[in-house]
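J.: Below are the structure tokens for one structure; questions will follow.
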Amino acid sequence: MVQMEGNDMRAEYDFMGGVRGKHYSAMQAGYTIIIHKADGTSVVKDVMPKEGAVVIEPDIRVYFPDSDSVNRALRCLIPLLPKKRRAKAKKA
């Protein structure tokens with residue numbers, strides 16, 4: 001296996017033309033995984049994000065590694081929202 005120094009990525013992998021987030025929207029709508037088994041059969045699994053799931057971008061995830069940290073930060077922002085919007089959220 002050929003590797004670049006200080007990196008686990010193989011040297012022959014080239015992501016120079018890659019587009020970050022290219023499949024993000026499609027993944028949010030759900031996706032299908034097909035597992036091909038050695039005996040020739042296949043298993044199909046439909047994967048849907050849980051209702052209410054929120055995906056945090058990797059650059060933000062560094063600062064908010066878990067649900068508790070995200071919720072604490074968002075609760076600090078609620079008082080900054082316009083009063084109309086806060087009232088509507090309380091009704092829901």
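In the structure tokens, chains take letters A, B, ... by order of appearance, with residues numbered from 1 within each chain and ligands from 1 in the order shown.
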Going by DSSP on the backbone, which bits of chain A are strand (DSSP E or B)? Write them as a PyMOL selection string, please.
T.: chain A and resi 3+10+31-36+42-47
J.: So that I can check the secondary structure, give me every residue of region 27-68 of chain A assigned helix (DSSP H, G or I) by backbone DSSP, as an MDAnalysis selection string.
T.: chainID A and resid 27:28 58:61 67:68
J.: Dump C-alpha atoms for the selected residues as a PDB file, in the first residue's frame?
T.:
ATOM      1  CA  MET A  27     -28.949  12.117   1.716  1.00  0.00           C
ATOM      2  CA  GLN A  28     -31.372  14.248   3.732  1.00  0.00           C
ATOM      3  CA  PRO A  58     -18.090  19.265  10.145  1.00  0.00           C
ATOM      4  CA  ASP A  59     -16.527  22.698  10.794  1.00  0.00           C
ATOM      5  CA  ILE A  60     -19.207  23.447  13.408  1.00  0.00           C
ATOM      6  CA  ARG A  61     -19.118  19.948  14.907  1.00  0.00           C
ATOM      7  CA  SER A  67     -26.545  17.325  21.485  1.00  0.00           C
ATOM      8  CA  ASP A  68     -26.146  18.952  24.908  1.00  0.00           C
TER       9      ASP A  68
END
J.: Find the residues around Tyr31 (chain A) up to 12 Å (only C-alpha atoms counted), leave out those fewer than 5 positions away in its own chain, and share them as a list in words.
T.: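 With the cut-off at 12 Å, the set is His23, Tyr24, Ser25, Ala26, Val44, Lys45, Asp46, Val47, Met48 and Pro49 of chain A.
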J.: Env of region 70-82 of chain A: 12 Å cut, atoms = only C-alpha atoms, seq-sep filter 6 positions within chain, self excluded. Answer as a ChimeraX atom specification.
T.: /A:54-56,60-64,88-90
J.: Find the distance between CA of Lys22 (chain A) and CA of Arg10 (chain A) and write it in Å to one decimal.
T.: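 These two atoms are separated by 22.2 Å.
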